[in-house]
file start_21.cif (mmCIF, C-alpha atoms)
data_structure
#
loop_
_atom_site.label_atom_id
_atom_site.label_comp_id
_atom_site.auth_asym_id
_atom_site.auth_seq_id
_atom_site.Cartn_x
_atom_site.Cartn_y
_atom_site.Cartn_z
CA MET M 1 62.08 219.99 91.85
CA SER M 2 59.97 223.10 91.25
CA THR M 3 60.69 226.30 93.17
CA ARG M 4 57.53 225.71 95.23
CA ASP M 5 58.71 222.21 96.20
CA LEU M 6 62.12 223.60 97.13
CA VAL M 7 60.49 226.23 99.35
CA LEU M 8 58.16 223.67 100.96
CA VAL M 9 61.16 221.46 101.75
CA ALA M 10 63.06 224.39 103.29
CA LEU M 11 60.05 225.57 105.31
CA PHE M 12 59.43 222.09 106.68
CA ALA M 13 63.09 221.73 107.60
CA ALA M 14 62.75 225.04 109.46
CA ILE M 15 59.70 223.65 111.31
CA ILE M 16 61.72 220.57 112.36
CA VAL M 17 64.53 222.83 113.59
CA ALA M 18 62.01 224.93 115.54
CA LEU M 19 60.55 221.76 117.11
CA GLY M 20 64.05 221.02 118.46
CA LEU M 21 63.98 224.21 120.49
CA VAL M 22 61.16 222.77 122.63
CA PRO M 23 63.05 221.30 125.62
CA PRO M 24 63.63 217.51 125.31
CA PHE M 25 63.35 214.95 128.07
CA THR M 26 65.47 211.80 128.43
CA LEU M 27 63.71 208.62 129.49
CA GLY M 28 65.29 206.58 132.28
CA PHE M 29 68.82 205.38 131.63
CA ILE M 30 68.52 205.10 127.86
CA PRO M 31 70.82 207.32 125.81
CA VAL M 32 68.21 208.60 123.36
CA PRO M 33 66.25 211.76 124.19
CA ILE M 34 62.52 211.96 123.54
CA THR M 35 62.16 214.99 121.33
CA ALA M 36 59.54 216.60 119.18
CA GLN M 37 62.03 216.35 116.32
CA SER M 38 61.34 212.68 115.62
CA LEU M 39 57.67 213.71 115.47
CA GLY M 40 58.79 216.17 112.80
CA VAL M 41 60.20 213.25 110.79
CA MET M 42 56.84 211.43 110.80
CA LEU M 43 55.05 214.68 109.95
CA ALA M 44 57.39 215.42 107.04
CA GLY M 45 56.38 212.15 105.37
CA CYS M 46 52.68 212.47 106.24
CA ILE M 47 52.38 216.05 105.03
CA LEU M 48 54.87 216.47 102.17
CA GLY M 49 55.03 212.89 100.88
CA ALA M 50 58.05 210.64 100.30
CA ARG M 51 60.38 212.72 98.14
CA ARG M 52 59.89 216.17 99.65
CA GLY M 53 59.59 214.77 103.19
CA ALA M 54 62.90 212.93 102.96
CA ALA M 55 64.50 216.02 101.37
CA ALA M 56 63.34 218.18 104.31
CA VAL M 57 64.90 215.78 106.83
CA LEU M 58 68.07 215.52 104.75
CA LEU M 59 68.29 219.32 104.76
CA VAL M 60 68.12 219.38 108.57
CA LEU M 61 70.94 216.84 108.74
CA LEU M 62 72.98 218.93 106.29
CA LEU M 63 72.65 221.88 108.66
CA VAL M 64 73.94 219.64 111.46
CA VAL M 65 76.92 218.55 109.33
CA ILE M 66 77.97 222.10 108.50
CA GLY M 67 78.06 222.95 112.20
CA LEU M 68 74.73 224.52 113.11
CA PRO M 69 73.30 223.52 116.50
CA VAL M 70 69.87 222.63 115.12
CA LEU M 71 69.23 219.32 116.89
CA SER M 72 67.18 219.35 120.09
CA GLY M 73 69.04 220.76 123.06
CA GLY M 74 71.28 222.82 120.77
CA ARG M 75 73.30 219.81 119.62
CA GLY M 76 75.01 219.82 116.25
CA GLY M 77 78.27 219.33 114.43
CA LEU M 78 79.93 216.18 113.22
CA ALA M 79 80.15 214.67 116.72
CA VAL M 80 76.52 213.51 116.67
CA PHE M 81 77.23 211.49 113.52
CA VAL M 82 79.89 209.35 115.21
CA GLY M 83 78.13 208.80 118.56
CA PRO M 84 76.16 205.62 119.37
CA THR M 85 72.83 207.19 118.34
CA ALA M 86 73.98 208.32 114.87
CA GLY M 87 72.00 205.51 113.23
CA TYR M 88 68.73 207.07 114.31
CA LEU M 89 69.67 210.23 112.42
CA ALA M 90 70.35 208.25 109.24
CA GLY M 91 67.09 206.42 109.89
CA TRP M 92 65.23 209.74 109.93
CA VAL M 93 65.78 210.22 106.19
CA ALA M 94 64.72 206.70 105.25
CA GLY M 95 61.91 206.88 107.82
CA ALA M 96 60.45 210.07 106.37
CA PHE M 97 60.66 208.55 102.88
CA VAL M 98 58.87 205.33 103.84
CA THR M 99 56.26 207.26 105.87
CA GLY M 100 55.58 209.39 102.81
CA LEU M 101 55.48 206.39 100.48
CA ILE M 102 52.86 204.64 102.60
CA ALA M 103 50.82 207.81 103.17
CA GLU M 104 50.82 208.56 99.43
CA ARG M 105 49.48 205.09 98.68
CA LEU M 106 46.92 204.78 101.46
CA VAL M 107 45.53 208.26 101.99
CA ARG M 108 43.18 210.08 99.59
CA GLU M 109 41.50 213.42 100.11
CA THR M 110 38.14 211.93 99.14
CA GLN M 111 38.27 209.10 101.71
CA PRO M 112 36.20 209.10 104.89
CA GLU M 113 37.99 210.46 107.95
CA LEU M 114 38.59 207.08 109.59
CA ALA M 115 40.39 205.66 106.53
CA GLN M 116 42.66 208.70 106.45
CA PHE M 117 43.44 208.34 110.15
CA LEU M 118 44.33 204.67 109.74
CA GLY M 119 46.46 205.38 106.66
CA PHE M 120 48.49 208.05 108.44
CA LEU M 121 48.85 205.92 111.59
CA ALA M 122 50.17 202.97 109.56
CA ALA M 123 52.59 205.27 107.70
CA ALA M 124 53.91 206.88 110.89
CA ILE M 125 54.36 203.55 112.68
CA VAL M 126 56.06 201.67 109.82
CA GLY M 127 58.19 204.57 108.56
CA GLY M 128 58.64 206.75 111.62
CA ILE M 129 59.20 203.92 114.11
CA GLY M 130 60.01 200.71 112.21
CA VAL M 131 62.47 202.10 109.69
CA VAL M 132 64.06 204.59 112.12
CA TYR M 133 64.68 201.84 114.69
CA LEU M 134 66.04 199.51 112.02
CA PHE M 135 68.79 202.00 111.18
CA GLY M 136 69.23 203.16 114.76
CA ILE M 137 69.63 199.74 116.31
CA ALA M 138 71.87 198.52 113.49
CA TRP M 139 74.45 201.26 114.16
CA LEU M 140 73.99 201.08 117.93
CA SER M 141 74.75 197.36 117.79
CA TYR M 142 77.75 197.78 115.51
CA SER M 143 79.30 200.67 117.42
CA SER M 144 78.62 199.46 120.93
CA GLY M 145 80.82 196.38 121.05
CA LYS M 146 79.70 193.05 122.47
CA ALA M 147 76.70 194.15 124.53
CA PHE M 148 74.63 194.82 121.41
CA MET M 149 71.69 192.54 122.24
CA GLU M 150 71.20 194.14 125.65
CA ILE M 151 71.50 197.65 124.23
CA ALA M 152 69.14 196.90 121.35
CA MET M 153 66.56 195.56 123.81
CA ALA M 154 66.99 198.56 126.12
CA SER M 155 66.31 201.01 123.29
CA LEU M 156 62.85 199.47 122.88
CA ILE M 157 61.84 201.43 126.00
CA PHE M 158 61.25 204.35 123.66
CA ILE M 159 58.58 202.57 121.65
CA PRO M 160 55.64 203.74 123.85
CA GLY M 161 56.74 207.38 123.56
CA ASP M 162 57.12 206.96 119.81
CA LEU M 163 53.66 205.42 119.52
CA ILE M 164 52.26 208.56 121.15
CA LYS M 165 54.15 210.60 118.57
CA ALA M 166 52.79 208.44 115.73
CA PHE M 167 49.31 209.15 117.09
CA ILE M 168 49.99 212.91 117.13
CA ALA M 169 51.42 212.67 113.59
CA MET M 170 48.22 210.90 112.50
CA LEU M 171 45.97 213.64 113.95
CA ALA M 172 48.14 216.48 112.64
CA GLY M 173 48.60 214.83 109.23
CA ARG M 174 44.82 214.51 108.81
CA ALA M 175 44.21 218.07 110.00
CA VAL M 176 46.76 219.51 107.57
CA LEU M 177 45.37 217.38 104.73
CA ALA M 178 41.93 218.87 105.44
CA GLY M 179 43.24 222.44 105.80
CA TYR M 180 45.98 222.67 103.18
CA PRO M 181 46.46 219.42 101.22
CA LEU M 182 49.97 218.87 99.86
CA LEU M 183 50.32 215.07 99.93
CA PRO M 184 50.71 213.70 96.39
CA ALA M 185 48.57 210.65 95.57
CA ARG M 186 50.23 207.50 94.31
CA THR M 187 48.51 204.41 92.99
CA MET L 1 69.85 233.59 116.19
CA LEU L 2 71.32 230.43 114.73
CA THR L 3 75.08 230.77 114.86
CA GLY L 4 77.60 228.19 113.74
CA LEU L 5 79.76 226.07 116.03
CA ASP L 6 83.08 227.19 114.55
CA ILE L 7 85.51 229.02 116.83
CA ALA L 8 87.60 231.84 115.36
CA GLY L 9 91.32 231.09 115.54
CA ASP L 10 94.53 230.41 113.68
CA THR L 11 95.63 226.98 114.92
CA PRO L 12 97.01 224.30 112.56
CA LEU L 13 93.54 222.71 112.50
CA HIS L 14 92.01 226.03 111.45
CA ARG L 15 94.51 226.37 108.61
CA ALA L 16 93.99 222.84 107.27
CA SER L 17 91.45 222.60 104.45
CA ALA L 18 87.96 221.32 105.21
CA ARG L 19 88.46 218.46 102.76
CA LEU L 20 91.69 217.30 104.40
CA LYS L 21 90.05 217.35 107.83
CA LEU L 22 87.02 215.40 106.64
CA ILE L 23 89.18 212.77 104.92
CA LEU L 24 91.36 212.41 108.03
CA LEU L 25 88.26 212.13 110.24
CA PHE L 26 86.91 209.38 108.00
CA LEU L 27 90.23 207.49 108.05
CA ALA L 28 90.42 207.89 111.84
CA ALA L 29 86.92 206.41 112.16
CA VAL L 30 87.86 203.38 110.03
CA ALA L 31 91.13 202.89 111.93
CA LEU L 32 89.49 203.18 115.37
CA PHE L 33 86.99 200.46 114.51
CA LEU L 34 89.78 198.14 113.31
CA VAL L 35 91.77 198.49 116.57
CA HIS L 36 90.58 196.43 119.54
CA SER L 37 93.28 196.91 122.17
CA PRO L 38 91.99 199.19 124.97
CA TRP L 39 95.50 200.59 125.49
CA ALA L 40 95.96 201.66 121.88
CA LEU L 41 92.47 203.15 121.92
CA ALA L 42 93.25 204.99 125.18
CA ALA L 43 96.26 206.55 123.47
CA ALA L 44 94.02 207.62 120.57
CA ALA L 45 91.56 209.15 123.05
CA ILE L 46 94.34 211.15 124.70
CA ILE L 47 95.47 212.43 121.30
CA ALA L 48 91.85 213.36 120.50
CA VAL L 49 91.51 215.31 123.77
CA GLY L 50 94.74 217.15 122.90
CA LEU L 51 93.52 217.99 119.39
CA TYR L 52 90.15 219.19 120.67
CA ALA L 53 91.86 221.38 123.29
CA SER L 54 94.29 222.72 120.65
CA THR L 55 91.38 224.37 118.80
CA GLY L 56 91.42 227.13 121.41
CA ILE L 57 87.82 226.46 122.50
CA ALA L 58 86.88 227.69 125.98
CA PRO L 59 86.82 224.74 128.45
CA GLY L 60 83.20 225.23 129.54
CA GLU L 61 81.95 225.45 125.96
CA ALA L 62 84.10 222.45 124.96
CA VAL L 63 82.43 220.27 127.60
CA ARG L 64 78.92 221.61 126.94
CA ARG L 65 79.14 220.65 123.26
CA VAL L 66 80.12 217.03 123.63
CA ARG L 67 78.68 216.09 127.01
CA PHE L 68 75.45 214.61 125.66
CA VAL L 69 77.12 212.41 123.06
CA LEU L 70 79.83 211.40 125.54
CA PHE L 71 77.09 210.55 128.02
CA THR L 72 75.56 208.11 125.52
CA VAL L 73 79.03 206.65 124.92
CA LEU L 74 79.45 206.19 128.67
CA LEU L 75 76.10 204.38 128.96
CA VAL L 76 77.05 202.02 126.15
CA ALA L 77 80.40 201.38 127.88
CA VAL L 78 78.67 200.67 131.20
CA ALA L 79 76.37 198.17 129.48
CA ASN L 80 79.44 196.44 128.06
CA TYR L 81 81.01 196.32 131.53
CA ILE L 82 77.90 194.85 133.15
CA PHE L 83 77.21 192.22 130.50
CA HIS L 84 80.74 191.49 129.26
CA SER L 85 84.17 192.55 130.45
CA LEU L 86 86.07 195.64 131.52
CA ASP L 87 88.28 195.37 128.42
CA ASP L 88 85.26 195.55 126.11
CA ALA L 89 83.87 198.49 128.06
CA LEU L 90 87.14 200.45 127.92
CA ALA L 91 87.59 199.71 124.20
CA VAL L 92 84.13 201.08 123.38
CA LEU L 93 84.56 204.05 125.70
CA PHE L 94 87.90 205.13 124.24
CA ARG L 95 87.02 204.32 120.62
CA LEU L 96 83.77 206.28 120.51
CA GLY L 97 85.07 208.96 122.89
CA ALA L 98 88.09 209.62 120.64
CA LEU L 99 85.89 209.73 117.55
CA VAL L 100 83.39 212.16 119.12
CA LEU L 101 86.18 214.52 120.20
CA LEU L 102 87.91 214.40 116.80
CA ALA L 103 84.61 215.18 115.07
CA ALA L 104 83.96 218.04 117.50
CA ALA L 105 87.46 219.38 116.77
CA VAL L 106 86.72 219.41 113.01
CA THR L 107 83.41 221.19 113.62
CA ALA L 108 85.06 223.77 115.90
CA THR L 109 87.70 224.67 113.32
CA THR L 110 85.70 224.66 110.07
CA THR L 111 83.46 227.55 109.09
CA ILE L 112 79.99 227.03 107.66
CA SER L 113 81.05 228.52 104.32
CA ALA L 114 84.03 226.14 104.11
CA PHE L 115 81.67 223.21 104.70
CA MET L 116 79.22 224.53 102.11
CA ASP L 117 82.00 224.89 99.53
CA GLU L 118 83.03 221.29 100.17
CA ILE L 119 79.43 220.07 99.89
CA THR L 120 78.94 222.01 96.66
CA ARG L 121 82.03 220.30 95.25
CA LEU L 122 80.79 216.88 96.39
CA LEU L 123 77.44 217.51 94.71
CA ARG L 124 79.00 218.36 91.36
CA PRO L 125 79.02 214.76 90.05
CA LEU L 126 75.36 214.36 91.10
CA GLU L 127 74.54 217.63 89.38
CA ARG L 128 75.89 216.29 86.12
CA PHE L 129 73.31 213.48 86.23
CA GLY L 130 70.52 215.93 87.07
CA PHE L 131 69.76 214.60 90.58
CA VAL L 132 70.23 217.81 92.48
CA ARG L 133 71.53 221.32 91.86
CA ALA L 134 74.20 222.63 94.20
CA ALA L 135 72.81 226.16 93.97
CA ASP L 136 69.42 224.84 95.13
CA VAL L 137 71.03 223.31 98.21
CA SER L 138 72.62 226.64 99.22
CA LEU L 139 69.31 228.41 98.56
CA ALA L 140 67.45 225.90 100.75
CA VAL L 141 69.99 226.28 103.58
CA GLY L 142 69.59 230.06 103.38
CA LEU L 143 65.79 229.75 103.47
CA VAL L 144 65.87 227.58 106.61
CA LEU L 145 68.11 230.05 108.45
CA ARG L 146 65.83 232.87 107.35
CA PHE L 147 62.59 231.23 108.47
CA VAL L 148 63.44 229.53 111.79
CA PRO L 149 63.09 232.81 113.79
CA GLU L 150 59.85 233.51 111.89
CA ILE L 151 58.41 230.12 112.84
CA LEU L 152 59.42 230.55 116.49
CA ALA L 153 57.69 233.94 116.57
CA ARG L 154 54.59 232.38 115.01
CA TYR L 155 54.71 229.58 117.60
CA GLY L 156 54.67 232.24 120.33
CA ASP L 157 51.75 234.05 118.64
CA ILE L 158 49.66 230.87 118.44
CA ARG L 159 50.29 230.09 122.12
CA GLU L 160 49.25 233.60 123.07
CA ALA L 161 46.13 233.33 120.93
CA HIS L 162 45.21 230.16 122.86
CA ARG L 163 45.83 231.82 126.21
CA ALA L 164 43.86 234.92 125.26
CA ARG L 165 40.85 232.69 124.60
CA GLY L 166 41.31 230.73 127.82
CA LEU L 167 42.29 227.55 125.95
CA ARG L 168 44.85 225.11 127.29
CA VAL L 169 47.97 225.04 125.10
CA ARG L 170 48.25 221.48 123.77
CA PRO L 171 50.89 220.26 121.30
CA LEU L 172 48.36 219.42 118.59
CA GLY L 173 46.49 222.70 118.92
CA VAL L 174 49.70 224.61 118.26
CA LEU L 175 51.27 222.24 115.73
CA VAL L 176 48.49 222.16 113.12
CA PRO L 177 48.00 225.95 112.71
CA LEU L 178 51.78 226.41 112.84
CA ILE L 179 52.34 223.96 109.97
CA ILE L 180 49.44 225.19 107.84
CA LEU L 181 50.28 228.89 108.27
CA THR L 182 53.97 228.26 107.55
CA LEU L 183 53.48 226.07 104.47
CA LYS L 184 50.86 228.46 103.05
CA ASP L 185 53.68 230.99 102.65
CA ALA L 186 55.41 228.65 100.17
CA ASP L 187 53.61 230.00 97.11
CA THR L 188 54.47 233.63 97.85
CA ILE L 189 58.09 232.80 98.65
CA ALA L 190 58.44 230.66 95.52
CA MET L 191 56.99 233.49 93.42
CA ALA L 192 59.43 235.97 94.98
CA ILE L 193 62.35 233.65 94.21
CA ASP L 194 61.26 233.12 90.59
CA ALA L 195 60.54 236.82 90.07
CA ARG L 196 64.15 237.55 90.96
CA ALA L 197 65.36 234.70 88.72
CA PHE L 198 67.48 233.28 91.54
CA ARG L 199 67.43 229.80 90.05
CA ARG L 200 68.17 230.94 86.44
CA GLN L 201 66.25 228.17 84.74
#
call {"tool": "encode", "arguments": {"input": "start_21.cif", "output": "structure tokens"}}
result
Amino acid sequence: MSTRDLVLVALFAAIIVALGLVPPFTLGFIPVPITAQSLGVMLAGCILGARRGAAAVLLVLLLVVIGLPVLSGGRGGLAVFVGPTAGYLAGWVAGAFVTGLIAERLVRETQPELAQFLGFLAAAIVGGIGVVYLFGIAWLSYSSGKAFMEIAMASLIFIPGDLIKAFIAMLAGRAVLAGYPLLPART
Amino acid sequence: MLTGLDIAGDTPLHRASARLKLILLFLAAVALFLVHSPWALAAAAIIAVGLYASTGIAPGEAVRRVRFVLFTVLLVAVANYIFHSLDDALAVLFRLGALVLLAAAVTATTTISAFMDEITRLLRPLERFGFVRAADVSLAVGLVLRFVPEILARYGDIREAHRARGLRVRPLGVLVPLIILTLKDADTIAMAIDARAFRRQ
């Protein structure tokens, strides 16, 4: 990793931390807060690509592990990694990677606007929602005893909110690509 | 602005090495998932409460730190009670509750530098294969801590710029300039790091 890549990763991790300081809101009776931080995960992949995007998210989680309250609502420490929602955190890393992988393959700077929008939207939905939920629900089911089907179904309530975030990630990803392109191209 | 979650003190947990605490936490997690009796798990939860209290953390702060995670544990337990049995609900409640409190106790008694030392040591085998450099990880952590206040100040500036022009502050209108302005600094920062030969390549 070049020094520039290292700095980009650190700066993006700092952006994700800053997004956590915007107050979160919890939807209904479901134990997962809607935060701008999961938007940061989609953005990391869309803007920095697979490798650097996943590294930025991993760096945020490292800060959580060493005891800095950098998750939304000032949460942090090892406790969040043993709670029922820990799987979503692990899913963030894989989610940012897959988002970046898809964006790198689908999006080109020379494409028309609409193709770029669709590429980013697909990346954010598959990586930022699909992969994150895969990890999140897997751990939720394992850790939550026998009621795993019910709990897995209940967590789907967050999908609409996450679709809105994927849409924002698409718009922001395209705007950053036009203003300051960083996304590597992959064939 | 960003301060760690460790509490100054000289309790047995403070004196234990970070590695020992992490290994014990891992073993406790494995053991708690192997036990299914609610009574045994309740005993474990009581021990965990005792250990967390023994760190010398102020009661209000102790509750504030774990209340969100414990709330999610409670919801999962309630779902188990509604759809299955009280025994299942209590087992989940005490198992995850104990684990959350033990983890919080480790966090409260381990300094950031002790954690970083442990992570550096864990990275050493990876370093040998050229995957990652431990010094880079510390540098990246330092950079994040340095730039979070900067980004928050910039966030405030962009919002004010919107207001001054009578524009409504929307998430996208703030997010895009914030990201572009922040990432544009990368070249200058990278040059400054290389000019000082911090990475010694």
call {"tool": "atom_distance", "arguments": {"input": "start_21.cif", "atom1": "atom CA of Leu183 of chain M", "atom2": "atom CA of Asp185 of chain L"}}
result
16.5 Å
call {"tool": "residues_around", "arguments": {"input": "start_21.cif", "residues": "Gly53 of chain M", "least_positions_apart": "3", "cutoff": "9 Å", "atoms": "all atoms listed in the file", "output": "list in words"}}
result
Val9, Phe12, Ala13, Val41, Met42, Leu43, Ala44, Gly45, Cys46, Ile47, Leu48, Gly49, Ala50, Ala56, Val57, Leu58, Val93, Ala96, Phe97, Thr99 and Gly100 of chain M
call {"tool": "residues_around", "arguments": {"input": "start_21.cif", "residues": "Ala108 of chain L", "least_positions_apart": "2", "cutoff": "7 Å", "atoms": "all atoms listed in the file", "output": "PDB file with C-alpha atoms, in the coordinates of the input"}}
result
ATOM      1  CA  LEU L   5      79.760 226.070 116.030  1.00  0.00           C
ATOM      2  CA  ASP L   6      83.080 227.190 114.550  1.00  0.00           C
ATOM      3  CA  ILE L   7      85.510 229.020 116.830  1.00  0.00           C
ATOM      4  CA  THR L  55      91.380 224.370 118.800  1.00  0.00           C
ATOM      5  CA  ALA L 104      83.960 218.040 117.500  1.00  0.00           C
ATOM      6  CA  ALA L 105      87.460 219.380 116.770  1.00  0.00           C
ATOM      7  CA  VAL L 106      86.720 219.410 113.010  1.00  0.00           C
ATOM      8  CA  THR L 110      85.700 224.660 110.070  1.00  0.00           C
TER       9      THR L 110
END
call {"tool": "interface_residues", "arguments": {"input": "start_21.cif", "of": "chain M", "to": "chain L", "cutoff": "6 Å", "atoms": "all atoms listed in the file", "output": "PyMOL selection string"}}
result
chain M and resi 3-4+7-8+10+14+31+66-68+77-79+82-83+147+172
call {"tool": "resolve_selection", "arguments": {"input": "start_21.cif", "expression": "the PyMOL selection byres ((chain M and resi 108) around 10)", "output": "list in words"}}
result
Ala103, Glu104, Arg105, Leu106, Val107, Glu109, Thr110, Gln111, Pro112, Glu113, Ala115, Gln116, Gly119, Leu177, Leu183, Pro184, Ala185 and Arg186 of chain M
call {"tool": "closest_residue", "arguments": {"input": "start_21.cif", "among": "L:Phe94, L:Leu167, L:Ser17, L:Ile23", "to": "Ile47 of chain L", "atoms": "all atoms listed in the file"}}
result
L:Phe94
call {"tool": "atom_distance", "arguments": {"input": "start_21.cif", "atom1": "atom CA of Lys21 of chain L", "atom2": "atom CA of Pro38 of chain L"}}
result
25.0 Å
call {"tool": "atom_distance", "arguments": {"input": "start_21.cif", "atom1": "atom CA of Pro125 of chain L", "atom2": "atom CA of Ala197 of chain L"}}
result
24.2 Å
call {"tool": "resolve_selection", "arguments": {"input": "start_21.cif", "expression": "the PyMOL selection byres ((chain M and resi 70) around 9)", "output": "VMD selection string"}}
result
(chain M and resid 16 to 18 20 to 21 60 to 61 63 to 64 67 to 69 71 to 76) or (chain L and resid 2)
call {"tool": "resolve_selection", "arguments": {"input": "start_21.cif", "expression": "the PyMOL selection byres ((chain M and resi 151) around 8)", "output": "ChimeraX atom specification"}}
result
/M:140-141,147-150,152-155 /L:76,79
call {"tool": "residues_around", "arguments": {"input": "start_21.cif", "residues": "Trp139 of chain M", "least_positions_apart": "4", "cutoff": "12 Å", "atoms": "only C-alpha atoms", "output": "PDB file with C-alpha atoms, in the coordinates of the input"}}
result
ATOM      1  CA  PHE M  81      77.230 211.490 113.520  1.00  0.00           C
ATOM      2  CA  VAL M  82      79.890 209.350 115.210  1.00  0.00           C
ATOM      3  CA  GLY M  83      78.130 208.800 118.560  1.00  0.00           C
ATOM      4  CA  PRO M  84      76.160 205.620 119.370  1.00  0.00           C
ATOM      5  CA  THR M  85      72.830 207.190 118.340  1.00  0.00           C
ATOM      6  CA  ALA M  86      73.980 208.320 114.870  1.00  0.00           C
ATOM      7  CA  GLY M  87      72.000 205.510 113.230  1.00  0.00           C
ATOM      8  CA  TYR M  88      68.730 207.070 114.310  1.00  0.00           C
ATOM      9  CA  LEU M  89      69.670 210.230 112.420  1.00  0.00           C
ATOM     10  CA  ALA M  90      70.350 208.250 109.240  1.00  0.00           C
ATOM     11  CA  GLY M  91      67.090 206.420 109.890  1.00  0.00           C
ATOM     12  CA  VAL M 132      64.060 204.590 112.120  1.00  0.00           C
ATOM     13  CA  TYR M 133      64.680 201.840 114.690  1.00  0.00           C
ATOM     14  CA  LEU M 134      66.040 199.510 112.020  1.00  0.00           C
ATOM     15  CA  PHE M 135      68.790 202.000 111.180  1.00  0.00           C
ATOM     16  CA  SER M 143      79.300 200.670 117.420  1.00  0.00           C
ATOM     17  CA  SER M 144      78.620 199.460 120.930  1.00  0.00           C
ATOM     18  CA  GLY M 145      80.820 196.380 121.050  1.00  0.00           C
ATOM     19  CA  PHE M 148      74.630 194.820 121.410  1.00  0.00           C
ATOM     20  CA  ILE M 151      71.500 197.650 124.230  1.00  0.00           C
ATOM     21  CA  ALA M 152      69.140 196.900 121.350  1.00  0.00           C
TER      22      ALA M 152
END
call {"tool": "closest_residue", "arguments": {"input": "start_21.cif", "among": "M:Ala94, M:Leu182, M:Val176, M:Leu171", "to": "Leu114 of chain M", "atoms": "only C-alpha atoms"}}
result
M:Leu171
call {"tool": "residues_around", "arguments": {"input": "start_21.cif", "residues": "Phe120 of chain M", "least_positions_apart": "3", "cutoff": "6 Å", "atoms": "all atoms listed in the file", "output": "number ranges by chain"}}
result
M: 103, 117, 123, 170
call {"tool": "build_atoms", "arguments": {"input": "start_21.cif", "residues": "segment 153-169 of chain L", "atoms": "N, CA and C atoms", "output": "PDB file, in the frame of the given file"}}
result
ATOM      1  N   ALA L 153      58.562 232.820 116.221  1.00  0.00           N
ATOM      2  CA  ALA L 153      57.690 233.940 116.570  1.00  0.00           C
ATOM      3  C   ALA L 153      56.234 233.546 116.383  1.00  0.00           C
ATOM      4  N   ARG L 154      55.952 232.823 115.285  1.00  0.00           N
ATOM      5  CA  ARG L 154      54.590 232.380 115.010  1.00  0.00           C
ATOM      6  C   ARG L 154      54.115 231.405 116.082  1.00  0.00           C
ATOM      7  N   TYR L 155      55.013 230.532 116.516  1.00  0.00           N
ATOM      8  CA  TYR L 155      54.710 229.580 117.600  1.00  0.00           C
ATOM      9  C   TYR L 155      54.272 230.344 118.845  1.00  0.00           C
ATOM     10  N   GLY L 156      55.025 231.410 119.179  1.00  0.00           N
ATOM     11  CA  GLY L 156      54.670 232.240 120.330  1.00  0.00           C
ATOM     12  C   GLY L 156      53.306 232.898 120.154  1.00  0.00           C
ATOM     13  N   ASP L 157      53.034 233.398 118.931  1.00  0.00           N
ATOM     14  CA  ASP L 157      51.750 234.050 118.640  1.00  0.00           C
ATOM     15  C   ASP L 157      50.583 233.081 118.858  1.00  0.00           C
ATOM     16  N   ILE L 158      50.760 231.842 118.341  1.00  0.00           N
ATOM     17  CA  ILE L 158      49.660 230.870 118.440  1.00  0.00           C
ATOM     18  C   ILE L 158      49.393 230.520 119.904  1.00  0.00           C
ATOM     19  N   ARG L 159      50.475 230.376 120.682  1.00  0.00           N
ATOM     20  CA  ARG L 159      50.290 230.090 122.120  1.00  0.00           C
ATOM     21  C   ARG L 159      49.554 231.238 122.804  1.00  0.00           C
ATOM     22  N   GLU L 160      49.931 232.451 122.454  1.00  0.00           N
ATOM     23  CA  GLU L 160      49.250 233.600 123.070  1.00  0.00           C
ATOM     24  C   GLU L 160      47.788 233.654 122.665  1.00  0.00           C
ATOM     25  N   ALA L 161      47.519 233.335 121.400  1.00  0.00           N
ATOM     26  CA  ALA L 161      46.130 233.330 120.930  1.00  0.00           C
ATOM     27  C   ALA L 161      45.310 232.316 121.725  1.00  0.00           C
ATOM     28  N   HIS L 162      45.907 231.160 122.033  1.00  0.00           N
ATOM     29  CA  HIS L 162      45.210 230.160 122.860  1.00  0.00           C
ATOM     30  C   HIS L 162      44.932 230.727 124.243  1.00  0.00           C
ATOM     31  N   ARG L 163      45.984 231.301 124.843  1.00  0.00           N
ATOM     32  CA  ARG L 163      45.830 231.820 126.210  1.00  0.00           C
ATOM     33  C   ARG L 163      44.775 232.908 126.271  1.00  0.00           C
ATOM     34  N   ALA L 164      44.798 233.800 125.264  1.00  0.00           N
ATOM     35  CA  ALA L 164      43.860 234.920 125.260  1.00  0.00           C
ATOM     36  C   ALA L 164      42.412 234.436 125.241  1.00  0.00           C
ATOM     37  N   ARG L 165      42.207 233.229 124.667  1.00  0.00           N
ATOM     38  CA  ARG L 165      40.850 232.690 124.600  1.00  0.00           C
ATOM     39  C   ARG L 165      40.595 231.683 125.717  1.00  0.00           C
ATOM     40  N   GLY L 166      41.499 231.631 126.689  1.00  0.00           N
ATOM     41  CA  GLY L 166      41.310 230.730 127.820  1.00  0.00           C
ATOM     42  C   GLY L 166      41.444 229.263 127.468  1.00  0.00           C
ATOM     43  N   LEU L 167      42.115 228.949 126.338  1.00  0.00           N
ATOM     44  CA  LEU L 167      42.290 227.550 125.950  1.00  0.00           C
ATOM     45  C   LEU L 167      43.609 227.012 126.498  1.00  0.00           C
ATOM     46  N   ARG L 168      43.615 225.727 126.856  1.00  0.00           N
ATOM     47  CA  ARG L 168      44.850 225.110 127.290  1.00  0.00           C
ATOM     48  C   ARG L 168      45.763 224.927 126.065  1.00  0.00           C
ATOM     49  N   VAL L 169      47.051 225.179 126.231  1.00  0.00           N
ATOM     50  CA  VAL L 169      47.970 225.040 125.100  1.00  0.00           C
ATOM     51  C   VAL L 169      48.393 223.572 125.001  1.00  0.00           C
TER      52      VAL L 169
END
